[in-house]
$ cat protein_22.pdb   # PDB, C-alpha atoms and all ligand atoms
ATOM      1  CA  MET O 122      10.031   1.674  -3.504  1.00  0.00           C
ATOM      2  CA  SER O 123      12.461   2.595  -6.253  1.00  0.00           C
ATOM      3  CA  ILE O 124      13.484   0.497  -9.206  1.00  0.00           C
ATOM      4  CA  GLU O 125      17.148  -0.280  -8.856  1.00  0.00           C
ATOM      5  CA  ALA O 126      19.569  -3.147  -8.882  1.00  0.00           C
ATOM      6  CA  GLY O 127      20.312  -4.789  -5.583  1.00  0.00           C
ATOM      7  CA  SER O 128      23.677  -4.039  -4.109  1.00  0.00           C
ATOM      8  CA  ALA O 129      26.254  -6.676  -4.765  1.00  0.00           C
ATOM      9  CA  HIS O 130      27.625  -6.782  -1.213  1.00  0.00           C
ATOM     10  CA  ASP O 131      28.851  -4.532   1.538  1.00  0.00           C
ATOM     11  CA  GLY O 132      32.480  -4.653   0.507  1.00  0.00           C
ATOM     12  CA  ARG O 133      33.540  -7.737   2.427  1.00  0.00           C
ATOM     13  CA  LEU O 134      35.356 -10.485   0.597  1.00  0.00           C
ATOM     14  CA  GLY O 135      33.523 -13.736   0.246  1.00  0.00           C
ATOM     15  CA  VAL O 136      34.912 -17.253   0.213  1.00  0.00           C
ATOM     16  CA  PRO O 137      33.960 -19.781  -2.464  1.00  0.00           C
ATOM     17  CA  ARG O 138      32.103 -22.685  -0.894  1.00  0.00           C
ATOM     18  CA  PRO O 139      31.410 -26.182  -2.257  1.00  0.00           C
ATOM     19  CA  VAL O 140      28.205 -26.401  -4.296  1.00  0.00           C
ATOM     20  CA  LEU O 141      25.772 -29.101  -3.190  1.00  0.00           C
ATOM     21  CA  VAL O 142      24.739 -31.583  -5.850  1.00  0.00           C
ATOM     22  CA  ALA O 143      21.466 -33.520  -6.125  1.00  0.00           C
ATOM     23  CA  PRO O 144      20.280 -35.701  -4.421  1.00  0.00           C
ATOM     24  CA  ASP O 145      21.473 -33.693  -1.429  1.00  0.00           C
ATOM     25  CA  LEU O 146      18.261 -33.249   0.565  1.00  0.00           C
ATOM     26  CA  LEU O 147      19.088 -29.678   1.481  1.00  0.00           C
ATOM     27  CA  LEU O 148      18.393 -28.754  -2.146  1.00  0.00           C
ATOM     28  CA  ARG O 149      14.830 -30.011  -1.721  1.00  0.00           C
ATOM     29  CA  ARG O 150      13.887 -28.054   1.374  1.00  0.00           C
ATOM     30  CA  LEU O 151      12.059 -24.769   1.697  1.00  0.00           C
ATOM     31  CA  ALA O 152      14.535 -22.006   2.523  1.00  0.00           C
ATOM     32  CA  ARG O 153      13.641 -19.704   5.412  1.00  0.00           C
ATOM     33  CA  ARG O 154      13.105 -15.970   5.185  1.00  0.00           C
ATOM     34  CA  CYS O 155      15.823 -13.891   6.817  1.00  0.00           C
ATOM     35  CA  PRO O 156      14.160 -12.194   9.808  1.00  0.00           C
ATOM     36  CA  GLU O 157      16.819  -9.499   9.975  1.00  0.00           C
ATOM     37  CA  LEU O 158      19.717  -8.213   7.954  1.00  0.00           C
ATOM     38  CA  ASN O 159      22.927  -8.763   9.869  1.00  0.00           C
ATOM     39  CA  SER O 160      26.581  -9.620   9.345  1.00  0.00           C
ATOM     40  CA  ARG O 161      25.747 -13.292   8.797  1.00  0.00           C
ATOM     41  CA  VAL O 162      23.496 -12.438   5.868  1.00  0.00           C
ATOM     42  CA  ALA O 163      26.156 -10.087   4.474  1.00  0.00           C
ATOM     43  CA  ALA O 164      28.751 -12.861   4.753  1.00  0.00           C
ATOM     44  CA  LEU O 165      26.381 -15.281   3.015  1.00  0.00           C
ATOM     45  CA  VAL O 166      25.863 -12.855   0.120  1.00  0.00           C
ATOM     46  CA  ALA O 167      29.619 -12.348  -0.195  1.00  0.00           C
ATOM     47  CA  ASP O 168      30.218 -16.122  -0.207  1.00  0.00           C
ATOM     48  CA  LEU O 169      27.494 -16.642  -2.829  1.00  0.00           C
ATOM     49  CA  LEU O 170      29.106 -14.051  -5.098  1.00  0.00           C
ATOM     50  CA  ALA O 171      32.557 -15.577  -4.591  1.00  0.00           C
ATOM     51  CA  THR O 172      31.229 -19.072  -5.292  1.00  0.00           C
ATOM     52  CA  MET O 173      29.333 -17.937  -8.404  1.00  0.00           C
ATOM     53  CA  ARG O 174      32.446 -16.254  -9.756  1.00  0.00           C
ATOM     54  CA  SER O 175      34.583 -19.317  -9.079  1.00  0.00           C
ATOM     55  CA  HIS O 176      32.527 -21.302 -11.628  1.00  0.00           C
ATOM     56  CA  PRO O 177      33.013 -20.067 -15.200  1.00  0.00           C
ATOM     57  CA  GLY O 178      29.660 -19.666 -16.944  1.00  0.00           C
ATOM     58  CA  CYS O 179      27.714 -19.503 -13.696  1.00  0.00           C
ATOM     59  CA  VAL O 180      25.271 -16.579 -13.809  1.00  0.00           C
ATOM     60  CA  GLY O 181      23.364 -17.133 -10.583  1.00  0.00           C
ATOM     61  CA  LEU O 182      23.376 -19.004  -7.307  1.00  0.00           C
ATOM     62  CA  ALA O 183      20.969 -19.557  -4.421  1.00  0.00           C
ATOM     63  CA  ALA O 184      21.922 -19.950  -0.766  1.00  0.00           C
ATOM     64  CA  PRO O 185      20.682 -23.571  -0.420  1.00  0.00           C
ATOM     65  CA  GLN O 186      23.217 -24.569  -3.083  1.00  0.00           C
ATOM     66  CA  ILE O 187      26.032 -23.721  -0.689  1.00  0.00           C
ATOM     67  CA  GLY O 188      24.274 -25.283   2.281  1.00  0.00           C
ATOM     68  CA  ALA O 189      22.457 -22.264   3.742  1.00  0.00           C
ATOM     69  CA  LEU O 190      18.672 -22.634   4.029  1.00  0.00           C
ATOM     70  CA  ALA O 191      18.053 -18.909   3.710  1.00  0.00           C
ATOM     71  CA  ARG O 192      16.097 -16.990   1.092  1.00  0.00           C
ATOM     72  CA  VAL O 193      19.067 -15.289  -0.539  1.00  0.00           C
ATOM     73  CA  VAL O 194      20.102 -15.322  -4.206  1.00  0.00           C
ATOM     74  CA  VAL O 195      22.725 -13.688  -6.380  1.00  0.00           C
ATOM     75  CA  VAL O 196      22.529 -13.177 -10.156  1.00  0.00           C
ATOM     76  CA  ASP O 197      24.967 -11.623 -12.593  1.00  0.00           C
ATOM     77  CA  VAL O 198      24.424 -11.900 -16.344  1.00  0.00           C
ATOM     78  CA  THR O 199      26.705  -8.972 -17.159  1.00  0.00           C
ATOM     79  CA  GLY O 200      28.265  -9.333 -20.585  1.00  0.00           C
ATOM     80  CA  ASP O 201      25.927 -12.078 -21.778  1.00  0.00           C
ATOM     81  CA  SER O 202      24.700 -11.326 -25.285  1.00  0.00           C
ATOM     82  CA  ARG O 203      21.187 -12.407 -24.306  1.00  0.00           C
ATOM     83  CA  ALA O 204      20.986  -9.766 -21.593  1.00  0.00           C
ATOM     84  CA  PRO O 205      21.985  -6.418 -23.089  1.00  0.00           C
ATOM     85  CA  ASP O 206      19.908  -4.457 -20.588  1.00  0.00           C
ATOM     86  CA  ALA O 207      20.926  -6.432 -17.482  1.00  0.00           C
ATOM     87  CA  HIS O 208      21.298  -4.814 -14.062  1.00  0.00           C
ATOM     88  CA  GLY O 209      24.815  -6.021 -13.277  1.00  0.00           C
ATOM     89  CA  PRO O 210      25.420  -7.970 -10.066  1.00  0.00           C
ATOM     90  CA  ILE O 211      22.170  -8.473  -8.146  1.00  0.00           C
ATOM     91  CA  SER O 212      21.887  -9.792  -4.611  1.00  0.00           C
ATOM     92  CA  LEU O 213      18.465 -10.233  -3.096  1.00  0.00           C
ATOM     93  CA  VAL O 214      17.319 -11.205   0.377  1.00  0.00           C
ATOM     94  CA  ASN O 215      13.786 -12.586   0.774  1.00  0.00           C
ATOM     95  CA  PRO O 216      13.010 -12.154  -2.946  1.00  0.00           C
ATOM     96  CA  GLU O 217       9.497 -12.635  -4.300  1.00  0.00           C
ATOM     97  CA  ILE O 218       8.137 -12.500  -7.817  1.00  0.00           C
ATOM     98  CA  VAL O 219       5.409  -9.879  -7.728  1.00  0.00           C
ATOM     99  CA  LEU O 220       4.679  -9.807 -11.453  1.00  0.00           C
ATOM    100  CA  ALA O 221       5.330 -12.266 -14.261  1.00  0.00           C
ATOM    101  CA  ALA O 222       4.363 -11.930 -17.919  1.00  0.00           C
ATOM    102  CA  GLY O 223       4.938 -13.751 -21.181  1.00  0.00           C
ATOM    103  CA  SER O 224       6.262 -17.256 -21.710  1.00  0.00           C
ATOM    104  CA  GLN O 225       9.202 -18.648 -23.626  1.00  0.00           C
ATOM    105  CA  ALA O 226      11.135 -21.899 -23.697  1.00  0.00           C
ATOM    106  CA  GLY O 227      14.865 -21.821 -23.063  1.00  0.00           C
ATOM    107  CA  ARG O 228      17.592 -24.245 -22.116  1.00  0.00           C
ATOM    108  CA  GLU O 229      19.017 -24.165 -18.603  1.00  0.00           C
ATOM    109  CA  GLY O 230      21.778 -25.894 -16.726  1.00  0.00           C
ATOM    110  CA  CYS O 231      22.426 -26.031 -13.004  1.00  0.00           C
ATOM    111  CA  LEU O 232      25.578 -26.510 -10.943  1.00  0.00           C
ATOM    112  CA  SER O 233      23.552 -28.750  -8.641  1.00  0.00           C
ATOM    113  CA  LEU O 234      22.572 -31.062 -11.541  1.00  0.00           C
ATOM    114  CA  PRO O 235      25.849 -31.122 -13.447  1.00  0.00           C
ATOM    115  CA  GLY O 236      24.942 -33.820 -15.983  1.00  0.00           C
ATOM    116  CA  LEU O 237      21.800 -32.273 -17.452  1.00  0.00           C
ATOM    117  CA  THR O 238      20.280 -29.377 -19.283  1.00  0.00           C
ATOM    118  CA  ALA O 239      16.546 -28.767 -19.537  1.00  0.00           C
ATOM    119  CA  SER O 240      14.262 -26.849 -21.858  1.00  0.00           C
ATOM    120  CA  ILE O 241      11.929 -24.891 -19.587  1.00  0.00           C
ATOM    121  CA  GLN O 242       9.069 -22.462 -20.135  1.00  0.00           C
ATOM    122  CA  ARG O 243       9.626 -19.301 -18.116  1.00  0.00           C
ATOM    123  CA  ALA O 244       8.055 -15.881 -17.967  1.00  0.00           C
ATOM    124  CA  THR O 245       9.817 -13.430 -20.280  1.00  0.00           C
ATOM    125  CA  LYS O 246       9.422 -10.555 -17.854  1.00  0.00           C
ATOM    126  CA  VAL O 247       9.367 -10.559 -14.073  1.00  0.00           C
ATOM    127  CA  VAL O 248       9.314  -7.964 -11.341  1.00  0.00           C
ATOM    128  CA  VAL O 249      11.056  -9.241  -8.213  1.00  0.00           C
ATOM    129  CA  ALA O 250      10.792  -7.514  -4.848  1.00  0.00           C
ATOM    130  CA  GLY O 251      13.265  -8.104  -2.051  1.00  0.00           C
ATOM    131  CA  LEU O 252      15.815  -6.500   0.229  1.00  0.00           C
ATOM    132  CA  SER O 253      19.380  -5.467  -0.412  1.00  0.00           C
ATOM    133  CA  VAL O 254      22.056  -6.652   1.973  1.00  0.00           C
ATOM    134  CA  TRP O 255      21.614  -3.328   3.799  1.00  0.00           C
ATOM    135  CA  GLY O 256      17.908  -3.874   4.268  1.00  0.00           C
ATOM    136  CA  GLU O 257      16.744  -1.455   1.581  1.00  0.00           C
ATOM    137  CA  ASP O 258      13.659  -2.294  -0.445  1.00  0.00           C
ATOM    138  CA  VAL O 259      14.658  -3.369  -3.937  1.00  0.00           C
ATOM    139  CA  LEU O 260      12.435  -3.839  -6.973  1.00  0.00           C
ATOM    140  CA  ILE O 261      14.019  -5.420 -10.029  1.00  0.00           C
ATOM    141  CA  GLU O 262      12.283  -5.417 -13.392  1.00  0.00           C
ATOM    142  CA  ALA O 263      14.043  -8.022 -15.515  1.00  0.00           C
ATOM    143  CA  ARG O 264      13.463  -9.301 -19.028  1.00  0.00           C
ATOM    144  CA  GLY O 265      14.573 -12.215 -21.148  1.00  0.00           C
ATOM    145  CA  PHE O 266      17.646 -14.074 -19.980  1.00  0.00           C
ATOM    146  CA  GLU O 267      18.024 -12.128 -16.739  1.00  0.00           C
ATOM    147  CA  ALA O 268      14.370 -12.839 -15.915  1.00  0.00           C
ATOM    148  CA  ARG O 269      14.969 -16.533 -16.612  1.00  0.00           C
ATOM    149  CA  VAL O 270      17.979 -16.687 -14.309  1.00  0.00           C
ATOM    150  CA  LEU O 271      16.074 -14.950 -11.502  1.00  0.00           C
ATOM    151  CA  GLN O 272      13.222 -17.465 -11.830  1.00  0.00           C
ATOM    152  CA  HIS O 273      15.718 -20.362 -11.772  1.00  0.00           C
ATOM    153  CA  GLU O 274      17.381 -19.071  -8.592  1.00  0.00           C
ATOM    154  CA  LEU O 275      14.078 -18.362  -6.832  1.00  0.00           C
ATOM    155  CA  ASP O 276      13.017 -21.938  -7.605  1.00  0.00           C
ATOM    156  CA  HIS O 277      16.002 -23.129  -5.570  1.00  0.00           C
ATOM    157  CA  LEU O 278      14.565 -21.346  -2.514  1.00  0.00           C
ATOM    158  CA  ASP O 279      11.501 -23.595  -2.787  1.00  0.00           C
ATOM    159  CA  GLY O 280      13.487 -26.779  -3.362  1.00  0.00           C
ATOM    160  CA  VAL O 281      12.626 -26.881  -7.063  1.00  0.00           C
ATOM    161  CA  LEU O 282      15.239 -28.074  -9.574  1.00  0.00           C
ATOM    162  CA  ILE O 283      15.217 -27.868 -13.366  1.00  0.00           C
ATOM    163  CA  HIS O 284      14.107 -31.443 -13.955  1.00  0.00           C
ATOM    164  CA  ASP O 285      10.960 -30.676 -11.918  1.00  0.00           C
ATOM    165  CA  ARG O 286      10.043 -27.974 -14.425  1.00  0.00           C
ATOM    166  CA  VAL O 287      10.083 -29.943 -17.679  1.00  0.00           C
ATOM    167  CA  GLU O 288       6.849 -31.069 -19.260  1.00  0.00           C
ATOM    168  CA  SER O 289       8.334 -34.347 -20.533  1.00  0.00           C
ATOM    169  CA  ILE O 290      11.595 -36.241 -20.375  1.00  0.00           C
ATOM    170  CA  ALA O 291      12.175 -35.190 -23.996  1.00  0.00           C
ATOM    171  CA  ASP O 292      12.889 -31.714 -22.635  1.00  0.00           C
ATOM    172  CA  LEU O 293      15.955 -33.025 -20.769  1.00  0.00           C
ATOM    173  CA  SER O 294      19.308 -33.475 -22.462  1.00  0.00           C
ATOM    174  CA  PRO O 295      22.531 -34.995 -21.193  1.00  0.00           C
ATOM    175  CA  ARG O 296      25.241 -32.413 -21.016  1.00  0.00           C
ATOM    176  CA  THR O 297      28.208 -33.232 -23.181  1.00  0.00           C
ATOM    177  CA  GLN O 298      30.567 -30.608 -21.826  1.00  0.00           C
ATOM    178  CA  PRO O 299      33.144 -31.602 -19.216  1.00  0.00           C
ATOM    179  CA  PHE O 300      32.198 -30.846 -15.636  1.00  0.00           C
ATOM    180  CA  GLN O 301      34.021 -29.530 -12.696  1.00  0.00           C
ATOM    181  CA  GLN O 302      32.043 -31.863 -10.480  1.00  0.00           C
ATOM    182  CA  LEU O 303      31.168 -35.494 -11.016  1.00  0.00           C
ATOM    183  CA  PRO O 304      27.460 -36.099 -11.618  1.00  0.00           C
ATOM    184  CA  SER O 305      25.605 -37.387  -8.600  1.00  0.00           C
ATOM    185  CA  ASP O 306      23.680 -40.659  -8.549  1.00  0.00           C
ATOM    186  CA  GLU O 307      20.374 -38.825  -9.068  1.00  0.00           C
ATOM    187  CA  THR O 308      21.785 -36.938 -12.035  1.00  0.00           C
ATOM    188  CA  ARG O 309      23.231 -40.127 -13.489  1.00  0.00           C
ATOM    189  CA  GLN O 310      19.875 -41.894 -13.188  1.00  0.00           C
ATOM    190  CA  VAL O 311      17.973 -39.125 -14.963  1.00  0.00           C
ATOM    191  CA  ARG O 312      20.772 -38.809 -17.506  1.00  0.00           C
ATOM    192  CA  ARG O 313      20.715 -42.552 -18.191  1.00  0.00           C
ATOM    193  CA  ARG O 314      16.961 -42.467 -18.837  1.00  0.00           C
ATOM    194  CA  VAL O 315      17.423 -39.599 -21.269  1.00  0.00           C
ATOM    195  CA  VAL O 316      20.253 -41.375 -23.091  1.00  0.00           C
ATOM    196  CA  ASP O 317      18.303 -44.657 -23.193  1.00  0.00           C
ATOM    197  CA  GLN O 318      15.279 -42.901 -24.622  1.00  0.00           C
ATOM    198  CA  ARG O 319      17.416 -41.414 -27.336  1.00  0.00           C
ATOM    199  CA  GLY O 320      18.826 -44.739 -28.446  1.00  0.00           C
ATOM    200  CA  GLY O 321      22.005 -44.418 -26.481  1.00  0.00           C
ATOM    201  CA  ARG O 322      23.254 -41.485 -28.468  1.00  0.00           C
ATOM    202  CA  GLU O 323      24.172 -38.492 -26.427  1.00  0.00           C
ATOM    203  CA  ARG O 324      23.552 -35.277 -28.196  1.00  0.00           C
ATOM    204  CA  GLU O 325      23.032 -31.727 -27.262  1.00  0.00           C
ATOM    205  CA  GLU O 326      20.122 -29.881 -28.817  1.00  0.00           C
ATOM    206  CA  GLY O 327      20.720 -26.352 -29.915  1.00  0.00           C
ATOM    207  CA  GLY O 328      24.397 -26.239 -29.069  1.00  0.00           C
ATOM    208  CA  GLY O 329      26.356 -23.056 -29.327  1.00  0.00           C
ATOM    209  CA  HIS O 330      27.451 -20.617 -26.687  1.00  0.00           C
ATOM    210  CA  GLY O 331      24.905 -19.951 -24.040  1.00  0.00           C
ATOM    211  CA  GLN O 332      22.595 -22.814 -24.861  1.00  0.00           C
ATOM    212  CA  THR O 333      24.083 -24.913 -22.122  1.00  0.00           C
ATOM    213  CA  GLY O 334      25.648 -22.331 -19.864  1.00  0.00           C
ATOM    214  CA  ASP O 335      25.282 -22.886 -16.165  1.00  0.00           C
ATOM    215  CA  ARG O 336      22.577 -20.877 -14.552  1.00  0.00           C
ATOM    216  CA  GLY O 337      23.623 -22.072 -11.151  1.00  0.00           C
TER     217      GLY O 337
HETATM  218 ZN    ZN Z   1      20.431 -24.117 -10.283  1.00  0.00          ZN
END
$ encode --input "protein_22.pdb" --output "structure tokens"
Amino acid sequence: MSIEAGSAHDGRLGVPRPVLVAPDLLLRRLARRCPELNSRVAALVADLLATMRSHPGCVGLAAPQIGALARVVVVDVTGDSRAPDAHGPISLVNPEIVLAAGSQAGREGCLSLPGLTASIQRATKVVVAGLSVWGEDVLIEARGFEARVLQHELDHLDGVLIHDRVESIADLSPRTQPFQQLPSDETRQVRRRVVDQRGGREREEGGGHGQTGDRG
């Protein structure tokens, strides 16, 4: 098995699809492994890439977020200052974390929870094994921000969202940026609790570019 970035797609053009927002139950289900690599999987990868690129700031997306309960993710942190040694566009079918090391807190957002960001401890280095869209074995060794985004997207395949990962409600912050989608009821409820706890004042910790960027 060689160490290489997964292939972005097989050349076909994808179509941006609507992104599901919590509390859509599909986001909470276990995604299924793809038993074979076929044109449907290739089309799904292409649609994931197209959808990710249609949302500025989005650096990753998982198939359940566009309504497909399949273990497929795409990640692209190209150009992000926190990921100078990134692999470029990555698409992975049936990905699994085979090694994780280190731990660091970082703030994450999610297109499926548009009203929140969360400070989450993640491994600083991961090795992820999976298949390319052509069925080749792929092994990605990722560090820092790229490793964080991969862990976020793989969580989606197990129905895990960012607010499941925080140690306390103090690690959640309402997002103050405008959104392309209206927050869902579930997001509003969590957001309201966070705002209430903070005396009704909405504020964003950290701030600055990248602190609140969508991870997808
Ligand atoms: Zn997400």
$ residues_around --input "protein_22.pdb" --residues "range 140-153 of chain O" --least-positions-apart "3" --cutoff "6 Å" --atoms "all atoms listed in the file" --output "list in words"
Pro185, Gln186, Ile187, Leu190, Ala191, Arg192, Ser233, Leu278, Asp279, Gly280 and Glu307 of chain O
$ residues_around --input "protein_22.pdb" --residues "Glu267 in chain O" --least-positions-apart "4" --cutoff "7 Å" --atoms "all atoms listed in the file" --output "list of chain:residue names"
O:Val198, O:Ala204, O:Ala207, O:Ala263, O:Leu271
$ write_last_selection --input "protein_22.pdb" --atoms "C-alpha atoms" --output "PDB file, in the frame of the given file"
ATOM      1  CA  VAL O 198      24.424 -11.900 -16.344  1.00  0.00           C
ATOM      2  CA  ALA O 204      20.986  -9.766 -21.593  1.00  0.00           C
ATOM      3  CA  ALA O 207      20.926  -6.432 -17.482  1.00  0.00           C
ATOM      4  CA  ALA O 263      14.043  -8.022 -15.515  1.00  0.00           C
ATOM      5  CA  LEU O 271      16.074 -14.950 -11.502  1.00  0.00           C
TER       6      LEU O 271
END
$ closest_residue --input "protein_22.pdb" --among "O:Thr245, O:Thr199, O:Gln225, O:Thr238" --to "ligand ZN 1 (chain Z)" --atoms "only C-alpha atoms and all ligand atoms"
O:Thr238
$ resolve_selection --input "protein_22.pdb" --expression "the PyMOL selection byres (((not hetatm)) within 8 of (chain Z and resi 1))" --output "list in words"
Gly181, Leu182, Ala183, Gln186, Gly230, Cys231, Leu232, Ser233, Leu234, His273, Glu274, His277, Leu282, Ile283, Asp335, Arg336 and Gly337 of chain O
$ closest_residue --input "protein_22.pdb" --among "O:Ala291, O:Val247, O:Val180, O:Val193" --to "Pro156 in chain O" --atoms "all atoms listed in the file"
O:Val193
$ closest_residue --input "protein_22.pdb" --among "O:Glu288, O:Pro137, O:Val248, O:Gly236" --to "Ser175 in chain O" --atoms "all atoms listed in the file"
O:Pro137
$ atom_distance --input "protein_22.pdb" --atom1 "CA of Gly135 in chain O" --atom2 "CA of Ala163 in chain O"
9.2 Å
$ resolve_selection --input "protein_22.pdb" --expression "the PyMOL selection byres (((chain O and resi 256) around 9) and not hetatm)" --output "list of chain:residue names"
O:Glu157, O:Leu158, O:Asn159, O:Val214, O:Gly251, O:Leu252, O:Ser253, O:Val254, O:Trp255, O:Glu257, O:Asp258, O:Val259
$ closest_residue --input "protein_22.pdb" --among "O:Asp292, O:Ser160, O:Ala184, O:Val219" --to "Gln242 in chain O" --atoms "all atoms listed in the file"
O:Asp292
$ axis_aligned_box --input "protein_22.pdb" --around "range 267-284 of chain O" --padding-each-side "4 Å" --output "JSON"
{"center_x": 14.8, "center_y": -21.8, "center_z": -9.6, "size_x": 14.5, "size_y": 27.3, "size_z": 22.2}
$ closest_residue --input "protein_22.pdb" --among "O:Ala244, O:Val136, O:Cys155, O:Val270" --to "Cys179 in chain O" --atoms "all atoms listed in the file"
O:Val270
$ closest_residue --input "protein_22.pdb" --among "O:Pro216, O:Pro177, O:Gly188, O:Pro295" --to "Ser240 in chain O" --atoms "all atoms listed in the file"
O:Pro295
$ resolve_selection --input "protein_22.pdb" --expression "the PyMOL selection byres (((chain O and resi 220) around 12) and not hetatm)" --output "list in words"
Glu217, Ile218, Val219, Ala221, Ala222, Gly223, Ala244, Thr245, Lys246, Val247, Val248, Val249, Ala250, Leu260, Ile261, Glu262, Ala263, Arg264, Ala268 and Gln272 of chain O
$ atom_distance --input "protein_22.pdb" --atom1 "CA of Pro235 in chain O" --atom2 "CA of Met173 in chain O"
14.5 Å
$ atom_distance --input "protein_22.pdb" --atom1 "CA of Val194 in chain O" --atom2 "CA of Ala164 in chain O"
12.7 Å
